[in-house]
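structure_5.cif (mmCIF, C-alpha atoms)
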data_coords
#
loop_
_atom_site.label_atom_id
_atom_site.label_comp_id
_atom_site.auth_asym_id
_atom_site.auth_seq_id
_atom_site.Cartn_x
_atom_site.Cartn_y
_atom_site.Cartn_z
CA MET A 19 -6.16 -10.58 10.84
CA LYS A 20 -6.29 -14.24 11.80
CA GLN A 21 -3.34 -16.38 10.73
CA LEU A 22 -4.53 -19.07 8.32
CA SER A 23 -3.26 -22.62 8.63
CA THR A 24 -1.74 -24.37 5.64
CA GLN A 25 -4.56 -26.93 5.84
CA GLU A 26 -7.17 -24.15 5.66
CA MET A 27 -5.42 -22.52 2.67
CA VAL A 28 -5.23 -25.88 0.85
CA ARG A 29 -8.92 -26.51 1.50
CA ALA A 30 -9.85 -23.00 0.27
CA THR A 31 -7.72 -23.43 -2.85
CA MET A 32 -9.04 -26.87 -3.75
CA SER A 33 -12.65 -25.81 -3.21
CA ARG A 34 -12.05 -22.51 -5.07
CA ASP A 35 -13.48 -20.53 -2.14
CA ALA A 36 -13.79 -16.88 -3.24
CA GLY A 37 -14.19 -15.84 0.39
CA TYR A 38 -10.41 -16.24 0.76
CA ASP A 39 -9.51 -14.09 -2.26
CA GLY A 40 -7.07 -11.45 -1.06
CA ALA A 41 -6.41 -13.24 2.25
CA PHE A 42 -3.51 -15.05 0.57
CA PHE A 43 -2.20 -15.85 -2.90
CA VAL A 44 -1.50 -19.28 -4.37
CA CYS A 45 1.91 -19.29 -6.05
CA VAL A 46 2.93 -22.10 -8.38
CA ARG A 47 6.68 -22.71 -8.44
CA THR A 48 6.72 -24.55 -11.79
CA THR A 49 4.97 -21.78 -13.73
CA MET A 50 5.97 -18.79 -11.52
CA ILE A 51 2.35 -17.61 -11.58
CA TYR A 52 0.28 -16.49 -8.60
CA CYS A 53 -3.48 -16.96 -8.42
CA LEU A 54 -6.42 -16.17 -6.22
CA PRO A 55 -7.71 -19.13 -4.20
CA SER A 56 -10.90 -19.09 -6.32
CA CYS A 57 -9.03 -19.43 -9.64
CA LYS A 58 -10.78 -21.76 -12.09
CA ALA A 59 -7.53 -22.94 -13.71
CA LYS A 60 -6.44 -26.55 -13.29
CA LYS A 61 -5.05 -27.02 -9.81
CA PRO A 62 -1.32 -27.77 -9.60
CA MET A 63 0.22 -30.52 -7.49
CA LEU A 64 0.42 -29.50 -3.84
CA LYS A 65 4.20 -29.91 -3.80
CA ASN A 66 4.45 -27.07 -6.35
CA ILE A 67 2.31 -24.60 -4.37
CA VAL A 68 3.55 -21.87 -2.06
CA PHE A 69 1.05 -19.76 -0.10
CA ILE A 70 2.03 -16.09 0.10
CA PRO A 71 0.13 -13.57 2.25
CA THR A 72 0.43 -10.53 -0.05
CA ARG A 73 0.64 -9.75 -3.76
CA ALA A 74 3.70 -7.56 -3.10
CA GLN A 75 5.58 -10.55 -1.69
CA ALA A 76 4.55 -12.73 -4.62
CA LEU A 77 5.85 -10.12 -7.07
CA GLN A 78 9.03 -9.69 -5.07
CA MET A 79 9.63 -13.44 -5.33
CA GLY A 80 9.32 -13.26 -9.12
CA PHE A 81 5.77 -14.57 -9.61
CA ARG A 82 3.43 -12.92 -12.13
CA GLY A 83 -0.35 -12.62 -11.96
CA CYS A 84 -2.60 -15.28 -13.46
CA LYS A 85 -4.45 -14.11 -16.56
CA ARG A 86 -7.39 -16.43 -15.92
CA CYS A 87 -8.36 -15.18 -12.45
CA ARG A 88 -6.76 -11.76 -13.00
CA ALA A 89 -4.97 -11.95 -9.66
CA ALA A 90 -2.92 -8.86 -10.52
CA ASP A 91 -6.13 -6.81 -10.71
CA PHE A 92 -7.66 -8.01 -7.44
CA PRO A 93 -9.64 -6.32 -6.07
CA LYS A 94 -10.86 -5.31 -9.48
CA ILE A 95 -12.64 -2.11 -8.51
CA ALA A 96 -11.30 0.64 -6.27
CA PRO A 97 -13.96 2.29 -4.12
CA LYS A 98 -15.60 5.33 -5.68
CA TRP A 99 -14.38 7.56 -2.85
CA LEU A 100 -10.67 6.75 -3.29
CA ASP A 101 -10.01 9.29 -6.06
CA ALA A 102 -11.49 12.08 -3.93
CA VAL A 103 -9.34 11.13 -0.93
CA VAL A 104 -6.12 10.89 -2.94
CA GLU A 105 -6.88 14.18 -4.72
CA GLN A 106 -7.49 15.83 -1.34
CA MET A 107 -4.11 14.53 -0.15
CA LYS A 108 -2.31 15.74 -3.28
CA SER A 109 -3.80 19.21 -3.02
CA LYS A 110 -2.79 19.54 0.64
CA THR A 111 0.92 18.64 0.58
CA SER A 112 1.68 21.93 2.32
CA GLN A 113 -0.35 21.13 5.41
CA HIS A 114 -1.35 18.40 7.79
CA LEU A 115 -4.65 16.87 6.70
CA SER A 116 -7.21 15.89 9.33
CA GLU A 117 -9.16 12.66 9.16
CA THR A 118 -12.32 14.79 9.17
CA ALA A 119 -11.22 16.35 5.88
CA LEU A 120 -10.74 12.86 4.43
CA THR A 121 -14.17 11.67 5.56
CA ASP A 122 -15.74 14.84 4.15
CA ALA A 123 -14.04 14.24 0.79
CA ALA A 124 -14.91 10.53 0.73
CA GLY A 125 -18.39 10.56 2.18
CA VAL A 126 -17.59 7.44 4.22
CA ASP A 127 -16.46 6.92 7.80
CA ILE A 128 -12.78 7.02 8.75
CA SER A 129 -12.68 3.34 9.73
CA THR A 130 -13.58 2.40 6.13
CA ILE A 131 -10.79 4.63 4.80
CA ARG A 132 -8.27 3.28 7.31
CA ARG A 133 -9.19 -0.34 6.56
CA TYR A 134 -8.83 0.19 2.80
CA PHE A 135 -5.49 2.00 3.07
CA LYS A 136 -4.12 -0.66 5.43
CA SER A 137 -5.17 -3.54 3.15
CA GLN A 138 -4.14 -1.93 -0.15
CA PHE A 139 -1.17 0.25 0.77
CA GLY A 140 0.01 -1.34 4.00
CA THR A 141 -0.24 1.95 5.89
CA THR A 142 -2.72 4.37 7.38
CA PRO A 143 -4.12 7.31 5.39
CA THR A 144 -2.29 9.69 7.73
CA ALA A 145 1.06 7.95 7.14
CA PHE A 146 0.34 7.82 3.39
CA HIS A 147 -0.25 11.60 3.38
CA ARG A 148 2.86 12.20 5.50
CA LYS A 149 4.90 10.36 2.84
CA MET A 150 3.40 12.63 0.18
CA ARG A 151 4.33 15.68 2.27
CA LEU A 152 7.87 14.36 2.78
CA GLN A 153 8.20 13.78 -0.97
CA HIS A 154 7.04 17.37 -1.53
CA ALA A 155 9.68 18.61 0.95
CA ARG A 156 12.35 16.52 -0.76
CA GLN A 157 11.50 18.09 -4.11
CA LEU A 158 11.75 21.56 -2.58
CA ILE A 159 15.15 20.74 -1.07
CA GLU A 160 16.36 19.38 -4.41
CA ARG A 161 15.37 22.72 -5.96
CA GLY A 162 17.56 24.51 -3.44
CA VAL A 163 15.04 25.54 -0.80
CA ASN A 164 16.41 25.62 2.76
CA TYR A 165 15.36 22.47 4.60
CA LEU A 166 13.62 24.42 7.38
CA GLU A 167 11.56 26.30 4.82
CA ALA A 168 10.80 22.98 3.09
CA ALA A 169 9.67 21.53 6.43
CA PHE A 170 7.23 24.34 7.11
CA GLU A 171 6.10 24.40 3.44
CA SER A 172 5.22 20.71 3.84
CA GLY A 173 3.10 21.22 6.92
CA PHE A 174 5.57 20.10 9.57
CA GLU A 175 5.31 22.19 12.71
CA SER A 176 8.70 21.37 14.21
CA SER A 177 12.12 21.03 12.65
CA SER A 178 13.00 18.04 14.85
CA GLY A 179 9.84 16.16 13.87
CA PHE A 180 10.52 16.89 10.21
CA ARG A 181 14.17 15.83 10.52
CA ASP A 182 13.22 12.52 12.20
CA ALA A 183 10.47 11.75 9.66
CA PHE A 184 12.74 12.67 6.73
CA LYS A 185 15.57 10.48 8.00
CA LYS A 186 13.20 7.56 8.57
CA GLU A 187 11.72 7.89 5.07
CA PHE A 188 14.86 8.63 3.02
CA GLY A 189 17.73 7.30 5.15
CA SER A 190 19.52 10.63 5.63
CA THR A 191 18.80 13.93 7.27
CA PRO A 192 17.43 16.73 5.07
CA GLY A 193 20.34 19.07 5.74
CA ARG A 194 23.05 16.46 5.12
CA ASN A 195 23.03 16.97 1.36
CA HIS A 196 20.72 18.28 -1.29
CA ASP A 197 21.04 15.19 -3.47
CA VAL A 198 18.71 13.07 -1.32
#
Turn this file's structure into structure tokens for me.
Amino acid sequence: MKQLSTQEMVRATMSRDAGYDGAFFVCVRTTMIYCLPSCKAKKPMLKNIVFIPTRAQALQMGFRGCKRCRAADFPKIAPKWLDAVVEQMKSKTSQHLSETALTDAAGVDISTIRRYFKSQFGTTPTAFHRKMRLQHARQLIERGVNYLEAAFESGFESSSGFRDAFKKEFGSTPGRNHDV
């Protein structure tokens, strides 16, 4: 995505350009509220505005969503296919899920699914599903299942791949301790 200049973000905010909604958030230091660029509320002084690229960063900095523009709800409607894709992922935590299976469940092309996951979750659908599988494996290990069995139960085909992914996700190897 193209990096927006401060001048462009100011112009979009002052003109309430809805085309920039979601591209960045307008955070007001004095009220600790973040808005969409198209918000109809009275515009604050420029010295009190901070432009933040993501809602997650705004929340992390202590801002809360504007009730007027409902910035916390943007985008307001999840695509109709999302529930089917997430349900498919949840039901397949014991195996690797192909992108074809996701497109079959969603009824849309994989580029649409990838774009949505990247913009809303900051990751690909494959990585999102891998995290679900790792969480499933972690739960099995916490219940006392051997970590190799947990790896294969979670659809990992090699112990080394599982070990590396587990360590990256949780900060420790699966066999190190069962209280991960």
* Selection result of the PyMOL selection byres ((chain A and resi 170) around 12) on this file, as a count of residues only -> 28
* Hits of the PyMOL selection byres ((chain A and resi 21) around 12) in this structure, as a ChimeraX atom specification -> /A:19-20,22-27,41-42,70-71
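Residues selected in this file by the PyMOL selection byres ((chain A and resi 99) around 12) comprise Ile95, Ala96, Pro97, Lys98, Leu100, Asp101, Ala102, Val103, Val104, Glu105, Gln106, Leu120, Thr121, Asp122, Ala123, Ala124, Gly125, Val126, Asp127, Ile128, Thr130, Ile131 and Tyr134 of chain A.
If you look at atom CA of A:Thr144 and atom CA of A:Ala183, they are 13.1 Å away from each other.
Comparing the minimum interatomic distances between A:Tyr52 and each of A:Ser33, A:Gln75, A:Ser129, A:Thr118, counting only C-alpha atoms, we find that A:Gln75 sits nearest.
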Contacts of A:Ala36 within 12 Å, only C-alpha atoms, excl. fewer than 4 positions in-chain, as a PDB file with C-alpha atoms, in the frame of the given file:
ATOM      1  CA  MET A  27      -5.420 -22.520   2.670  1.00  0.00           C
ATOM      2  CA  ARG A  29      -8.920 -26.510   1.500  1.00  0.00           C
ATOM      3  CA  ALA A  30      -9.850 -23.000   0.270  1.00  0.00           C
ATOM      4  CA  THR A  31      -7.720 -23.430  -2.850  1.00  0.00           C
ATOM      5  CA  MET A  32      -9.040 -26.870  -3.750  1.00  0.00           C
ATOM      6  CA  GLY A  40      -7.070 -11.450  -1.060  1.00  0.00           C
ATOM      7  CA  ALA A  41      -6.410 -13.240   2.250  1.00  0.00           C
ATOM      8  CA  PHE A  42      -3.510 -15.050   0.570  1.00  0.00           C
ATOM      9  CA  PHE A  43      -2.200 -15.850  -2.900  1.00  0.00           C
ATOM     10  CA  CYS A  53      -3.480 -16.960  -8.420  1.00  0.00           C
ATOM     11  CA  LEU A  54      -6.420 -16.170  -6.220  1.00  0.00           C
ATOM     12  CA  PRO A  55      -7.710 -19.130  -4.200  1.00  0.00           C
ATOM     13  CA  SER A  56     -10.900 -19.090  -6.320  1.00  0.00           C
ATOM     14  CA  CYS A  57      -9.030 -19.430  -9.640  1.00  0.00           C
ATOM     15  CA  LYS A  58     -10.780 -21.760 -12.090  1.00  0.00           C
ATOM     16  CA  CYS A  87      -8.360 -15.180 -12.450  1.00  0.00           C
ATOM     17  CA  ALA A  89      -4.970 -11.950  -9.660  1.00  0.00           C
ATOM     18  CA  PHE A  92      -7.660  -8.010  -7.440  1.00  0.00           C
ATOM     19  CA  PRO A  93      -9.640  -6.320  -6.070  1.00  0.00           C
TER      20      PRO A  93
END
* Please provide as a count of residues only all residues within 12 Å of A:Ala145, with the sequence filter that same-chain residues fewer than 3 positions apart are discarded (counting all atoms listed in the file). => 19
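Remark: for A:Leu64, the closest of the candidate residues A:Ala119, A:Arg161, A:Val44, A:Ala90 is A:Val44 (distances computed over all atoms listed in the file).
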* A:Cys84, A:Leu77, A:Ile67, A:Val28: which is nearest A:Cys45, counting all atoms listed in the file? -> A:Ile67
Requested file, stretch 83-187 of chain A restricted to C-alpha atoms, as an mmCIF file, in the first residue's frame:
data_model
loop_
_atom_site.group_PDB
_atom_site.id
_atom_site.type_symbol
_atom_site.label_atom_id
_atom_site.label_comp_id
_atom_site.auth_asym_id
_atom_site.auth_seq_id
_atom_site.Cartn_x
_atom_site.Cartn_y
_atom_site.Cartn_z
ATOM 1 C CA GLY A 83 -13.168 4.659 19.042
ATOM 2 C CA CYS A 84 -15.361 7.640 18.183
ATOM 3 C CA LYS A 85 -19.059 7.017 18.809
ATOM 4 C CA ARG A 86 -20.120 9.420 16.071
ATOM 5 C CA CYS A 87 -18.305 7.785 13.137
ATOM 6 C CA ARG A 88 -18.182 4.370 14.836
ATOM 7 C CA ALA A 89 -14.492 3.998 14.047
ATOM 8 C CA ALA A 90 -14.270 0.919 16.277
ATOM 9 C CA ASP A 91 -16.763 -0.875 14.022
ATOM 10 C CA PHE A 92 -15.109 -0.016 10.707
ATOM 11 C CA PRO A 93 -15.588 -1.745 8.368
ATOM 12 C CA LYS A 94 -19.083 -2.214 9.669
ATOM 13 C CA ILE A 95 -19.957 -5.389 7.798
ATOM 14 C CA ALA A 96 -17.803 -8.488 7.481
ATOM 15 C CA PRO A 97 -18.127 -10.235 4.120
ATOM 16 C CA LYS A 98 -20.788 -12.927 3.975
ATOM 17 C CA TRP A 99 -18.187 -15.590 3.169
ATOM 18 C CA LEU A 100 -16.029 -14.965 6.260
ATOM 19 C CA ASP A 101 -18.055 -17.163 8.635
ATOM 20 C CA ALA A 102 -17.803 -20.105 6.235
ATOM 21 C CA VAL A 103 -14.025 -19.697 5.911
ATOM 22 C CA VAL A 104 -13.439 -19.407 9.664
ATOM 23 C CA GLU A 105 -15.742 -22.373 10.339
ATOM 24 C CA GLN A 106 -13.819 -24.412 7.758
ATOM 25 C CA MET A 107 -10.565 -23.505 9.533
ATOM 26 C CA LYS A 108 -11.950 -24.410 12.970
ATOM 27 C CA SER A 109 -13.204 -27.774 11.783
ATOM 28 C CA LYS A 110 -9.846 -28.650 10.218
ATOM 29 C CA THR A 111 -7.381 -28.002 13.060
ATOM 30 C CA SER A 112 -6.052 -31.531 12.638
ATOM 31 C CA GLN A 113 -4.919 -31.023 9.068
ATOM 32 C CA HIS A 114 -3.370 -28.571 6.673
ATOM 33 C CA LEU A 115 -6.086 -26.699 4.793
ATOM 34 C CA SER A 116 -5.602 -25.904 1.110
ATOM 35 C CA GLU A 117 -6.514 -22.561 -0.387
ATOM 36 C CA THR A 118 -8.846 -24.460 -2.733
ATOM 37 C CA ALA A 119 -10.845 -25.638 0.282
ATOM 38 C CA LEU A 120 -11.126 -22.026 1.455
ATOM 39 C CA THR A 121 -12.297 -20.781 -1.936
ATOM 40 C CA ASP A 122 -14.824 -23.628 -2.120
ATOM 41 C CA ALA A 123 -16.184 -22.699 1.324
ATOM 42 C CA ALA A 124 -16.256 -18.961 0.562
ATOM 43 C CA GLY A 125 -17.394 -18.959 -3.025
ATOM 44 C CA VAL A 126 -14.899 -16.195 -3.835
ATOM 45 C CA ASP A 127 -11.404 -16.231 -5.297
ATOM 46 C CA ILE A 128 -8.346 -16.697 -3.090
ATOM 47 C CA SER A 129 -7.010 -13.189 -3.771
ATOM 48 C CA THR A 130 -10.162 -11.724 -2.184
ATOM 49 C CA ILE A 131 -9.703 -13.936 0.884
ATOM 50 C CA ARG A 132 -5.992 -13.099 1.151
ATOM 51 C CA ARG A 133 -6.636 -9.359 0.803
ATOM 52 C CA TYR A 134 -9.315 -9.404 3.510
ATOM 53 C CA PHE A 135 -7.226 -11.449 5.962
ATOM 54 C CA LYS A 136 -4.190 -9.227 5.388
ATOM 55 C CA SER A 137 -6.164 -6.011 5.956
ATOM 56 C CA GLN A 138 -8.232 -7.222 8.925
ATOM 57 C CA PHE A 139 -5.945 -9.699 10.682
ATOM 58 C CA GLY A 140 -2.523 -8.633 9.449
ATOM 59 C CA THR A 141 -1.731 -12.121 8.157
ATOM 60 C CA THR A 142 -2.543 -14.551 5.385
ATOM 61 C CA PRO A 143 -5.364 -17.098 5.703
ATOM 62 C CA THR A 144 -2.767 -19.886 5.678
ATOM 63 C CA ALA A 145 -0.814 -18.302 8.557
ATOM 64 C CA PHE A 146 -4.086 -17.633 10.417
ATOM 65 C CA HIS A 147 -5.013 -21.328 10.110
ATOM 66 C CA ARG A 148 -1.505 -22.411 11.146
ATOM 67 C CA LYS A 149 -1.939 -20.367 14.352
ATOM 68 C CA MET A 150 -5.227 -22.163 14.996
ATOM 69 C CA ARG A 151 -3.494 -25.519 14.474
ATOM 70 C CA LEU A 152 -0.655 -24.512 16.808
ATOM 71 C CA GLN A 153 -3.183 -23.464 19.446
ATOM 72 C CA HIS A 154 -4.870 -26.865 19.055
ATOM 73 C CA ALA A 155 -1.484 -28.589 19.512
ATOM 74 C CA ARG A 156 -0.764 -26.470 22.582
ATOM 75 C CA GLN A 157 -4.062 -27.522 24.147
ATOM 76 C CA LEU A 158 -3.241 -31.177 23.469
ATOM 77 C CA ILE A 159 0.194 -30.792 25.076
ATOM 78 C CA GLU A 160 -1.348 -29.075 28.101
ATOM 79 C CA ARG A 161 -3.638 -32.113 28.460
ATOM 80 C CA GLY A 162 -0.586 -34.363 28.581
ATOM 81 C CA VAL A 163 -0.361 -35.565 24.986
ATOM 82 C CA ASN A 164 3.185 -36.206 23.747
ATOM 83 C CA TYR A 165 4.355 -33.265 21.655
ATOM 84 C CA LEU A 166 5.062 -35.450 18.599
ATOM 85 C CA GLU A 167 1.531 -36.827 18.737
ATOM 86 C CA ALA A 168 0.217 -33.273 19.154
ATOM 87 C CA ALA A 169 2.220 -32.200 16.087
ATOM 88 C CA PHE A 170 0.772 -34.910 13.886
ATOM 89 C CA GLU A 171 -2.732 -34.412 15.388
ATOM 90 C CA SER A 172 -2.465 -30.761 14.323
ATOM 91 C CA GLY A 173 -1.579 -31.536 10.740
ATOM 92 C CA PHE A 174 2.170 -30.936 10.877
ATOM 93 C CA GLU A 175 4.073 -33.400 8.737
ATOM 94 C CA SER A 176 7.491 -33.013 10.339
ATOM 95 C CA SER A 177 8.557 -32.689 13.941
ATOM 96 C CA SER A 178 11.207 -30.082 13.097
ATOM 97 C CA GLY A 179 8.710 -27.893 11.236
ATOM 98 C CA PHE A 180 6.283 -28.168 14.144
ATOM 99 C CA ARG A 181 9.014 -27.403 16.693
ATOM 100 C CA ASP A 182 10.139 -24.290 14.774
ATOM 101 C CA ALA A 183 6.580 -23.011 14.272
ATOM 102 C CA PHE A 184 5.685 -23.682 17.921
ATOM 103 C CA LYS A 185 8.774 -21.869 19.196
ATOM 104 C CA LYS A 186 8.100 -18.900 16.916
ATOM 105 C CA GLU A 187 4.470 -18.672 18.045
#
